[in-house]
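Shown next, in structure tokens, is the structure this report addresses.
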Amino acid sequence: NWKQISLEAKERADWKCQHPGCTARQYSIGIWHVVDGVHQWAEQYPPEKTYGEARQVAAEAWWEVQHVGGEPCIVIVLTVAHLNHDPTDCRPENLAAMCQRHHLAYDHDHHRRNAQATRRAKASTLELF
């Protein structure tokens, strides 16, 4: 029951990204900016209770950007990462709540290997080396 399992993982994380140094929280609204070459989350508005409410605040902020200036805001949605990349292993110690940015970064090498294997399989050619 992934819905329940992921909910419990986010609750254990107190609805915050568990990547070291990240301050992003579920449905917080803000911007990513670069400090000393590192992307950091800058919350512009407090988190909303629902995704729809957060999107509305971000849309209003976007309107201001278009008419007044500044940077567009995004909404953080927490995801749950399998730390060993095995989706069948749902033990609590194998799960971590992460914002989208850090979940994708964490899975980058795993996704790259899968994409390469998929391309090779579709090409139906033999490896030379």
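By convention here, the chains of the structure tokens are called A, B, ... in the order presented, each chain's residues are numbered starting at 1, and ligands are numbered starting at 1 in the order presented.
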
Item to check | Secondary structure check, helix (DSSP H, G or I) residues of stretch 2-108 of chain A, as a PyMOL selection string | outcome: chain A and resi 2-12+51-67+92-94+100-106+108

Next on the checklist: For A:Trp15, find every residue with an atom within 10 Å (counting only C-alpha atoms), except residues of its own chain fewer than 4 positions away, and show them as a list of chain:residue names.
Outcome noted: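 Non-adjacent residues within range: A:Leu7, A:Glu8, A:Ala9, A:Lys10, A:Glu11, A:Ala24, A:Arg25, A:Gln26, A:Tyr27, A:Val77, A:Leu78, A:Thr79, A:Ala97, A:Met98, A:Cys99.
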
So that I have them on file, write out the residues from the current selection with all heavy atoms, as a compact mmCIF listing (two decimals), in the first residue's frame.
# COMPACT_ATOMS: atom_id res chain seq x y z
N LEU A 7 3.04 8.10 3.03
CA LEU A 7 2.50 9.04 4.02
C LEU A 7 3.27 8.89 5.34
O LEU A 7 3.68 9.89 5.95
CB LEU A 7 1.01 8.81 4.23
CG LEU A 7 0.34 9.63 5.33
CD1 LEU A 7 0.35 11.11 4.98
CD2 LEU A 7 -1.08 9.14 5.56
N GLU A 8 3.47 7.66 5.77
CA GLU A 8 4.19 7.41 7.02
C GLU A 8 5.64 7.90 6.93
O GLU A 8 6.17 8.45 7.90
CB GLU A 8 4.14 5.92 7.36
CG GLU A 8 2.76 5.46 7.78
CD GLU A 8 2.62 3.95 7.88
OE1 GLU A 8 3.63 3.22 7.64
OE2 GLU A 8 1.51 3.48 8.18
N ALA A 9 6.28 7.73 5.78
CA ALA A 9 7.66 8.20 5.61
C ALA A 9 7.72 9.72 5.71
O ALA A 9 8.63 10.28 6.33
CB ALA A 9 8.22 7.73 4.26
N LYS A 10 6.76 10.41 5.11
CA LYS A 10 6.73 11.88 5.17
C LYS A 10 6.44 12.35 6.59
O LYS A 10 7.02 13.33 7.06
CB LYS A 10 5.69 12.42 4.19
CG LYS A 10 6.06 12.19 2.74
CD LYS A 10 4.92 12.57 1.83
CE LYS A 10 5.16 12.12 0.40
NZ LYS A 10 4.01 12.41 -0.48
N GLU A 11 5.56 11.65 7.28
CA GLU A 11 5.27 12.01 8.68
C GLU A 11 6.49 11.82 9.56
O GLU A 11 6.79 12.67 10.41
CB GLU A 11 4.09 11.19 9.19
CG GLU A 11 2.76 11.63 8.62
CD GLU A 11 1.59 10.74 8.99
OE1 GLU A 11 1.81 9.59 9.45
OE2 GLU A 11 0.44 11.20 8.81
N ALA A 24 13.58 22.61 2.47
CA ALA A 24 12.29 22.57 1.78
C ALA A 24 11.28 21.73 2.58
O ALA A 24 11.62 20.70 3.14
CB ALA A 24 12.45 21.99 0.38
N ARG A 25 10.04 22.22 2.60
CA ARG A 25 8.95 21.54 3.31
C ARG A 25 7.79 21.32 2.34
O ARG A 25 7.64 22.05 1.37
CB ARG A 25 8.46 22.39 4.48
CG ARG A 25 9.55 22.70 5.49
CD ARG A 25 9.03 23.52 6.65
NE ARG A 25 8.78 24.90 6.25
CZ ARG A 25 8.08 25.75 6.99
NH1 ARG A 25 7.53 25.37 8.12
NH2 ARG A 25 7.89 26.98 6.58
N GLN A 26 6.96 20.34 2.64
CA GLN A 26 5.80 20.03 1.81
C GLN A 26 4.95 21.29 1.59
O GLN A 26 4.59 21.96 2.54
CB GLN A 26 4.96 18.93 2.47
CG GLN A 26 3.69 18.60 1.76
CD GLN A 26 3.89 17.63 0.61
OE1 GLN A 26 4.87 17.68 -0.10
NE2 GLN A 26 2.94 16.73 0.42
N TYR A 27 4.66 21.58 0.34
CA TYR A 27 3.82 22.69 -0.10
C TYR A 27 4.35 24.07 0.29
O TYR A 27 3.60 25.03 0.36
CB TYR A 27 2.37 22.52 0.37
CG TYR A 27 1.72 21.24 -0.08
CD1 TYR A 27 0.81 20.59 0.72
CD2 TYR A 27 2.04 20.66 -1.30
CE1 TYR A 27 0.21 19.40 0.32
CE2 TYR A 27 1.46 19.47 -1.71
CZ TYR A 27 0.54 18.86 -0.89
OH TYR A 27 -0.04 17.68 -1.29
N VAL A 77 6.81 19.71 -3.49
CA VAL A 77 6.01 18.52 -3.20
C VAL A 77 7.01 17.44 -2.78
O VAL A 77 7.93 17.11 -3.54
CB VAL A 77 5.21 18.04 -4.44
CG1 VAL A 77 4.46 16.76 -4.13
CG2 VAL A 77 4.25 19.14 -4.89
N LEU A 78 6.86 16.95 -1.57
CA LEU A 78 7.75 15.90 -1.10
C LEU A 78 7.46 14.59 -1.80
O LEU A 78 6.32 14.25 -2.07
CB LEU A 78 7.60 15.69 0.41
CG LEU A 78 8.20 16.74 1.31
CD1 LEU A 78 8.02 16.32 2.76
CD2 LEU A 78 9.67 16.97 1.03
N THR A 79 8.52 13.86 -2.10
CA THR A 79 8.43 12.52 -2.66
C THR A 79 9.13 11.59 -1.68
O THR A 79 9.75 12.03 -0.72
CB THR A 79 9.12 12.47 -4.03
OG1 THR A 79 10.50 12.80 -3.86
CG2 THR A 79 8.47 13.42 -5.01
N ALA A 97 12.05 10.90 2.82
CA ALA A 97 11.26 11.97 2.18
C ALA A 97 12.23 12.98 1.59
O ALA A 97 13.18 13.41 2.25
CB ALA A 97 10.36 12.64 3.21
N MET A 98 12.02 13.33 0.32
CA MET A 98 12.89 14.29 -0.34
C MET A 98 12.07 15.20 -1.25
O MET A 98 11.08 14.77 -1.84
CB MET A 98 13.95 13.58 -1.19
CG MET A 98 14.97 12.80 -0.43
SD MET A 98 16.24 12.21 -1.57
CE MET A 98 17.15 11.12 -0.51
N CYS A 99 12.53 16.44 -1.38
CA CYS A 99 11.93 17.33 -2.36
C CYS A 99 12.26 16.78 -3.75
O CYS A 99 13.14 15.93 -3.90
CB CYS A 99 12.44 18.75 -2.18
SG CYS A 99 14.20 18.96 -2.52

Next on the checklist: Residues of chain A classed as strand (DSSP E or B) by DSSP on the backbone are to be reported as a list in words.
Outcome noted: Lys16, Arg25, Ile29, Gly30, Ile31, Trp32, His33, Val34, Val35, Val38, His39, Gln40, Trp41, Ala42, Glu43, Gln44, Tyr45, Ile74, Val75, Thr79, Val80, Ala81, His82, Leu95, Ala96, Ala97 and Met98 of chain A

Taking a cut-off of 10 Å and counting only C-alpha atoms, can you build a table that, for each residue of stretch 71-128 of chain A near stretch 29-45 of chain A, reports the nearest atom pair and how far apart they are in Å (one decimal), sorted by chain then residue number, as a Markdown table?
| residue | atom | partner | partner_atom | distance |
| --- | --- | --- | --- | --- |
| A:Glu71 | CA | A:Ile31 | CA | 7.3 |
| A:Pro72 | CA | A:Ile31 | CA | 7.1 |
| A:Cys73 | CA | A:Gly30 | CA | 4.7 |
| A:Ile74 | CA | A:Gly30 | CA | 5.6 |
| A:Val75 | CA | A:Ile29 | CA | 4.7 |
| A:Ile76 | CA | A:Ile29 | CA | 6.5 |
| A:Val77 | CA | A:Ile29 | CA | 9.8 |
| A:Arg101 | CA | A:His39 | CA | 9.5 |

Checklist entry - Hey, what's within 8 Å of A:Leu83 if we count only C-alpha atoms and toss same-chain stuff fewer than 4 positions away? As a PyMOL selection string, please? => result chain A and resi 94-96

Could you please take those selected residues and save N, CA, C and O atoms as a PDB file, in the first residue's frame?
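result_34.pdb was written with the following content:
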ATOM      1  N   ASN A  94      14.766   2.240   4.724  1.00  0.00           N
ATOM      2  CA  ASN A  94      15.150   2.340   3.316  1.00  0.00           C
ATOM      3  C   ASN A  94      14.433   3.480   2.604  1.00  0.00           C
ATOM      4  O   ASN A  94      14.632   3.690   1.422  1.00  0.00           O
ATOM      5  N   LEU A  95      13.601   4.212   3.312  1.00  0.00           N
ATOM      6  CA  LEU A  95      12.812   5.277   2.701  1.00  0.00           C
ATOM      7  C   LEU A  95      13.205   6.635   3.268  1.00  0.00           C
ATOM      8  O   LEU A  95      13.487   6.760   4.459  1.00  0.00           O
ATOM      9  N   ALA A  96      13.232   7.643   2.407  1.00  0.00           N
ATOM     10  CA  ALA A  96      13.523   9.006   2.848  1.00  0.00           C
ATOM     11  C   ALA A  96      12.628   9.975   2.091  1.00  0.00           C
ATOM     12  O   ALA A  96      12.468   9.868   0.878  1.00  0.00           O
TER      13      ALA A  96
END

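Candidate residues A:Arg112, A:His19, A:Lys122, A:His82 were compared for distance to A:Ile5, and the nearest is A:His82, using only C-alpha atoms.
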
Next on the checklist: I need the residue nearest A:His85 from this list: A:Ala123, A:Val68, A:Ala58, A:Leu104. Use only C-alpha atoms for the distance.
Outcome noted: A:Leu104

Checklist entry - Can you tell me how far atom CA of A:His111 sits from atom CA of A:Val80, in Å to one decimal? => result 15.7 Å
